[in-house]
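A.B. asks: My questions will all concern the structure given below.
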Amino acid sequence: FEIGVKDAATASTLSACAAMTNIKVNHWFSVDSINEATTTTTTTTTTTTLCTPTTSSTDWVLGCLDQTCADVCTAVMGTCTVDPMNDIDTGAEVQFVAGIFSIMCASSSSDFPEFPGYDPGYCGYNAPDKMRPTTCEAHYEITSRFCCCGANCPTTT
């Protein structure tokens, strides 16, 4: 669903209201400048693509690309709970959580705070040494995070 608007205030309001829906807000605006007898019109388009996090029967929520777990959990009326996310430090655990969302992936460990999450082609989890632990605020442009938004975030069956 896409909405086109002509003023910045409306675009900003719609973008904020649409944060929990699949709505794309386009903001078109024109700048007219008069230089003696010549008029030039420049049109700029600003596009904001919004996505809805994917919920499950547990408190695990799959975030959208480049989204923090703090924002994901707020969008689903939950609270980011970092300990279960930091507990995912094996391939089997990250694949279990990915399976909740029907994601099949190879697994890889790293010391990136935006994991656990799904990058194209693999699911990343925390290195057992936890040198750079997960945070609720971390995000990365190509990562959809596995976010724990409550107390029911199992990592195994």
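The way I read the labels, and the way they are meant: chains A, B, ... in the order of the structure tokens, residue 1 as the first residue of every chain, and ligand 1 as the first ligand shown, with later ones counted on from there.
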Using only C-alpha atoms, which protein or nucleic acid residues come within 9 Å of segment 138-144 of chain A? Drop anything in the same chain fewer than 6 positions from it, and give the result as a ChimeraX atom specification.
C.D. replies: /A:62-70,112-120
A.B. asks: Dump N, CA, C and O atoms for the selected residues as a PDB file, in the first residue's frame?
C.D. replies:
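Written output follows (again.pdb):
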```pdb
ATOM      1  N   LEU A  62      10.517 -11.582  14.628  1.00  0.00           N
ATOM      2  CA  LEU A  62      11.482 -11.343  13.555  1.00  0.00           C
ATOM      3  C   LEU A  62      11.346  -9.899  13.113  1.00  0.00           C
ATOM      4  O   LEU A  62      10.291  -9.479  12.627  1.00  0.00           O
ATOM      5  N   GLY A  63      12.423  -9.136  13.301  1.00  0.00           N
ATOM      6  CA  GLY A  63      12.398  -7.728  12.916  1.00  0.00           C
ATOM      7  C   GLY A  63      12.599  -7.540  11.429  1.00  0.00           C
ATOM      8  O   GLY A  63      12.927  -8.471  10.692  1.00  0.00           O
ATOM      9  N   CYS A  64      12.401  -6.329  10.988  1.00  0.00           N
ATOM     10  CA  CYS A  64      12.636  -5.962   9.600  1.00  0.00           C
ATOM     11  C   CYS A  64      14.110  -5.614   9.423  1.00  0.00           C
ATOM     12  O   CYS A  64      14.840  -5.453  10.402  1.00  0.00           O
ATOM     13  N   LEU A  65      14.548  -5.497   8.193  1.00  0.00           N
ATOM     14  CA  LEU A  65      15.938  -5.131   7.927  1.00  0.00           C
ATOM     15  C   LEU A  65      16.305  -3.832   8.644  1.00  0.00           C
ATOM     16  O   LEU A  65      15.516  -2.879   8.657  1.00  0.00           O
ATOM     17  N   ASP A  66      17.476  -3.822   9.258  1.00  0.00           N
ATOM     18  CA  ASP A  66      18.051  -2.625   9.874  1.00  0.00           C
ATOM     19  C   ASP A  66      17.221  -2.094  11.045  1.00  0.00           C
ATOM     20  O   ASP A  66      17.309  -0.924  11.386  1.00  0.00           O
ATOM     21  N   GLN A  67      16.426  -2.933  11.674  1.00  0.00           N
ATOM     22  CA  GLN A  67      15.579  -2.507  12.781  1.00  0.00           C
ATOM     23  C   GLN A  67      16.185  -2.955  14.112  1.00  0.00           C
ATOM     24  O   GLN A  67      16.710  -4.061  14.215  1.00  0.00           O
ATOM     25  N   THR A  68      16.139  -2.104  15.121  1.00  0.00           N
ATOM     26  CA  THR A  68      16.620  -2.495  16.448  1.00  0.00           C
ATOM     27  C   THR A  68      15.559  -3.359  17.125  1.00  0.00           C
ATOM     28  O   THR A  68      14.364  -3.253  16.826  1.00  0.00           O
ATOM     29  N   CYS A  69      15.985  -4.198  18.058  1.00  0.00           N
ATOM     30  CA  CYS A  69      15.018  -4.990  18.817  1.00  0.00           C
ATOM     31  C   CYS A  69      14.184  -4.089  19.731  1.00  0.00           C
ATOM     32  O   CYS A  69      13.021  -4.395  20.006  1.00  0.00           O
ATOM     33  N   ALA A  70      14.752  -2.985  20.171  1.00  0.00           N
ATOM     34  CA  ALA A  70      13.970  -2.038  20.975  1.00  0.00           C
ATOM     35  C   ALA A  70      12.775  -1.551  20.159  1.00  0.00           C
ATOM     36  O   ALA A  70      11.638  -1.526  20.648  1.00  0.00           O
ATOM     37  N   PHE A 112      29.123  -9.786  16.528  1.00  0.00           N
ATOM     38  CA  PHE A 112      28.375  -8.596  16.148  1.00  0.00           C
ATOM     39  C   PHE A 112      27.156  -8.461  17.046  1.00  0.00           C
ATOM     40  O   PHE A 112      26.392  -9.406  17.207  1.00  0.00           O
ATOM     41  N   PRO A 113      26.921  -7.295  17.618  1.00  0.00           N
ATOM     42  CA  PRO A 113      25.818  -7.125  18.562  1.00  0.00           C
ATOM     43  C   PRO A 113      24.427  -7.187  17.921  1.00  0.00           C
ATOM     44  O   PRO A 113      23.437  -7.255  18.628  1.00  0.00           O
ATOM     45  N   GLU A 114      24.346  -7.186  16.578  1.00  0.00           N
ATOM     46  CA  GLU A 114      23.030  -7.281  15.939  1.00  0.00           C
ATOM     47  C   GLU A 114      22.554  -8.725  15.778  1.00  0.00           C
ATOM     48  O   GLU A 114      21.487  -8.976  15.233  1.00  0.00           O
ATOM     49  N   PHE A 115      23.339  -9.680  16.258  1.00  0.00           N
ATOM     50  CA  PHE A 115      22.906 -11.078  16.232  1.00  0.00           C
ATOM     51  C   PHE A 115      22.361 -11.471  17.588  1.00  0.00           C
ATOM     52  O   PHE A 115      22.776 -10.913  18.590  1.00  0.00           O
ATOM     53  N   PRO A 116      21.402 -12.364  17.684  1.00  0.00           N
ATOM     54  CA  PRO A 116      20.993 -13.294  16.639  1.00  0.00           C
ATOM     55  C   PRO A 116      20.111 -12.606  15.594  1.00  0.00           C
ATOM     56  O   PRO A 116      19.343 -11.705  15.898  1.00  0.00           O
ATOM     57  N   GLY A 117      20.286 -13.091  14.363  1.00  0.00           N
ATOM     58  CA  GLY A 117      19.507 -12.532  13.272  1.00  0.00           C
ATOM     59  C   GLY A 117      19.736 -13.275  11.987  1.00  0.00           C
ATOM     60  O   GLY A 117      20.553 -14.204  11.917  1.00  0.00           O
ATOM     61  N   TYR A 118      19.009 -12.854  10.973  1.00  0.00           N
ATOM     62  CA  TYR A 118      19.075 -13.471   9.658  1.00  0.00           C
ATOM     63  C   TYR A 118      19.657 -12.485   8.666  1.00  0.00           C
ATOM     64  O   TYR A 118      19.146 -11.376   8.498  1.00  0.00           O
ATOM     65  N   ASP A 119      20.759 -12.862   8.039  1.00  0.00           N
ATOM     66  CA  ASP A 119      21.335 -12.134   6.917  1.00  0.00           C
ATOM     67  C   ASP A 119      21.077 -12.995   5.690  1.00  0.00           C
ATOM     68  O   ASP A 119      20.922 -14.209   5.826  1.00  0.00           O
ATOM     69  N   PRO A 120      21.057 -12.421   4.518  1.00  0.00           N
ATOM     70  CA  PRO A 120      20.806 -13.244   3.335  1.00  0.00           C
ATOM     71  C   PRO A 120      21.740 -14.463   3.293  1.00  0.00           C
ATOM     72  O   PRO A 120      22.954 -14.321   3.262  1.00  0.00           O
TER      73      PRO A 120
END
```
A.B. asks: Which residues are close to segment 94-97 of chain A, i.e. within 7 Å by only C-alpha atoms, leaving aside same-chain residues fewer than 4 positions away? Reply as an MDAnalysis selection string.
C.D. replies: chainID A and resid 88 90 105 116 123 125 155:156
A.B. asks: List as a list in words the protein and nucleic acid residues near Asp71 of chain A, meaning an atom at most 10 Å away when only C-alpha atoms are counted, but skip any in the same chain fewer than 3 places from it.
C.D. replies: Ala19, Pro53, Gly63, Cys64, Gln67, Thr68, Thr74, Ala75, Val76, Met77, Gly78, Thr79, Cys80, Cys136, Glu137 and Cys147 of chain A
A.B. asks: Give me the residues within 7 Å of Tyr122 of chain A as a PyMOL selection string, counting only C-alpha atoms and dropping any in the same chain fewer than 5 places off.
C.D. replies: chain A and resi 105-108
A.B. asks: With only C-alpha atoms as the counted atoms, please give the residues lying no more than 10 Å from Thr55 of chain A, apart from itself and same-chain residues fewer than 3 positions off, as a PyMOL selection string.
C.D. replies: chain A and resi 52+58-63+72-73+76+100-101+147+149
A.B. asks: Keeping only all heavy atoms, write the selected residues to a file as a tab-separated table (two decimals), in the first residue's frame.
C.D. replies:
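Everything below was put into part_4.tsv:
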```
chain	number	residue	atom	x	y	z
A	52	THR	N	6.24	-4.52	8.86
A	52	THR	CA	5.68	-4.98	10.11
A	52	THR	C	6.50	-6.16	10.61
A	52	THR	O	6.68	-7.13	9.87
A	52	THR	CB	4.21	-5.42	9.92
A	52	THR	OG1	3.48	-4.31	9.39
A	52	THR	CG2	3.59	-5.88	11.22
A	58	THR	N	5.48	-17.58	20.33
A	58	THR	CA	6.33	-17.30	21.49
A	58	THR	C	6.52	-15.79	21.55
A	58	THR	O	5.87	-15.05	20.83
A	58	THR	CB	7.69	-18.01	21.35
A	58	THR	OG1	8.42	-17.40	20.27
A	58	THR	CG2	7.53	-19.50	21.08
A	59	ASP	N	7.46	-15.33	22.37
A	59	ASP	CA	7.79	-13.90	22.40
A	59	ASP	C	8.94	-13.56	21.45
A	59	ASP	O	9.43	-12.42	21.48
A	59	ASP	CB	8.13	-13.46	23.84
A	59	ASP	CG	6.89	-13.39	24.71
A	59	ASP	OD1	5.80	-13.08	24.19
A	59	ASP	OD2	7.01	-13.65	25.93
A	60	TRP	N	9.37	-14.53	20.63
A	60	TRP	CA	10.35	-14.21	19.60
A	60	TRP	C	9.63	-13.46	18.49
A	60	TRP	O	8.53	-13.83	18.07
A	60	TRP	CB	10.98	-15.48	19.01
A	60	TRP	CG	12.00	-16.11	19.89
A	60	TRP	CD1	11.90	-17.30	20.53
A	60	TRP	CD2	13.29	-15.59	20.23
A	60	TRP	NE1	13.04	-17.56	21.26
A	60	TRP	CE2	13.91	-16.52	21.10
A	60	TRP	CE3	13.98	-14.42	19.91
A	60	TRP	CZ2	15.19	-16.32	21.63
A	60	TRP	CZ3	15.25	-14.22	20.44
A	60	TRP	CH2	15.84	-15.16	21.29
A	61	VAL	N	10.26	-12.40	18.01
A	61	VAL	CA	9.71	-11.60	16.92
A	61	VAL	C	10.83	-11.40	15.90
A	61	VAL	O	11.97	-11.08	16.27
A	61	VAL	CB	9.20	-10.23	17.43
A	61	VAL	CG1	8.63	-9.40	16.28
A	61	VAL	CG2	8.15	-10.42	18.51
A	62	LEU	N	10.52	-11.58	14.63
A	62	LEU	CA	11.48	-11.34	13.55
A	62	LEU	C	11.35	-9.90	13.11
A	62	LEU	O	10.29	-9.48	12.63
A	62	LEU	CB	11.22	-12.29	12.38
A	62	LEU	CG	12.11	-12.10	11.15
A	62	LEU	CD1	13.57	-12.38	11.48
A	62	LEU	CD2	11.63	-13.00	10.03
A	63	GLY	N	12.42	-9.14	13.30
A	63	GLY	CA	12.40	-7.73	12.92
A	63	GLY	C	12.60	-7.54	11.43
A	63	GLY	O	12.93	-8.47	10.69
A	72	VAL	N	11.50	-3.06	17.40
A	72	VAL	CA	10.67	-4.23	17.07
A	72	VAL	C	9.71	-4.52	18.22
A	72	VAL	O	8.50	-4.68	18.02
A	72	VAL	CB	11.54	-5.47	16.78
A	72	VAL	CG1	10.71	-6.74	16.73
A	72	VAL	CG2	12.32	-5.28	15.48
A	73	CYS	N	10.24	-4.59	19.42
A	73	CYS	CA	9.42	-4.93	20.59
A	73	CYS	C	8.39	-3.85	20.89
A	73	CYS	O	7.26	-4.16	21.25
A	73	CYS	CB	10.31	-5.23	21.79
A	73	CYS	SG	11.31	-6.73	21.56
A	76	VAL	N	5.36	-4.26	18.67
A	76	VAL	CA	4.44	-5.36	19.00
A	76	VAL	C	3.98	-5.28	20.46
A	76	VAL	O	3.46	-6.25	20.99
A	76	VAL	CB	5.06	-6.74	18.69
A	76	VAL	CG1	5.36	-6.87	17.21
A	76	VAL	CG2	6.29	-7.02	19.53
A	100	ILE	N	11.21	-21.16	13.99
A	100	ILE	CA	9.93	-20.62	14.47
A	100	ILE	C	9.28	-19.77	13.37
A	100	ILE	O	8.06	-19.72	13.24
A	100	ILE	CB	10.13	-19.79	15.76
A	100	ILE	CG1	10.55	-20.71	16.92
A	100	ILE	CG2	8.89	-18.97	16.11
A	100	ILE	CD1	10.98	-19.97	18.17
A	101	PHE	N	10.10	-19.14	12.54
A	101	PHE	CA	9.63	-18.28	11.45
A	101	PHE	C	9.73	-18.97	10.09
A	101	PHE	O	9.66	-18.31	9.06
A	101	PHE	CB	10.42	-16.97	11.45
A	101	PHE	CG	10.32	-16.24	12.75
A	101	PHE	CD1	11.36	-16.31	13.68
A	101	PHE	CD2	9.19	-15.52	13.07
A	101	PHE	CE1	11.26	-15.67	14.89
A	101	PHE	CE2	9.08	-14.88	14.29
A	101	PHE	CZ	10.12	-14.95	15.20
A	147	CYS	N	14.34	-11.08	17.81
A	147	CYS	CA	14.20	-10.27	19.02
A	147	CYS	C	13.33	-10.98	20.05
A	147	CYS	O	12.24	-11.47	19.72
A	147	CYS	CB	13.56	-8.93	18.68
A	147	CYS	SG	14.48	-7.96	17.46
A	149	CYS	N	10.92	-10.42	22.90
A	149	CYS	CA	10.09	-9.30	23.34
A	149	CYS	C	9.23	-9.67	24.55
A	149	CYS	O	8.09	-9.20	24.68
A	149	CYS	CB	9.22	-8.81	22.19
A	149	CYS	SG	10.16	-8.15	20.79
```
A.B. asks: Of the residues A:Pro84, A:Asp129, A:Ser110, A:Ser57, which is the one nearest to Phe146 of chain A, using only C-alpha atoms?
C.D. replies: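 Ranked by minimum distance to Phe146 of chain A, first place goes to A:Pro84.
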A.B. asks: Using only C-alpha atoms, which protein or nucleic acid residues come within 9 Å of Met131 of chain A? Drop anything in the same chain fewer than 3 positions from it, and give the result as JSON, numbers by chain.
C.D. replies: {"A": [111, 112, 126, 127, 128]}
A.B. asks: Kindly export the residues of the current selection with N, CA and C atoms, as a compact mmCIF listing (two decimals), in the first residue's frame.
C.D. replies:
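Done, and the output landed in result01.txt:
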```txt
# COMPACT_ATOMS: atom_id res chain seq x y z
N ASP A 111 30.94 -11.90 16.54
CA ASP A 111 30.89 -11.00 17.68
C ASP A 111 30.19 -9.70 17.31
N PHE A 112 29.12 -9.79 16.53
CA PHE A 112 28.37 -8.60 16.15
C PHE A 112 27.16 -8.46 17.05
N ASN A 126 25.63 -15.37 18.54
CA ASN A 126 26.70 -14.79 19.33
C ASN A 126 27.84 -15.78 19.54
N ALA A 127 29.04 -15.29 19.41
CA ALA A 127 30.19 -16.14 19.72
C ALA A 127 30.15 -16.48 21.21
N PRO A 128 30.50 -17.71 21.56
CA PRO A 128 30.43 -18.11 22.97
C PRO A 128 31.21 -17.21 23.93
```
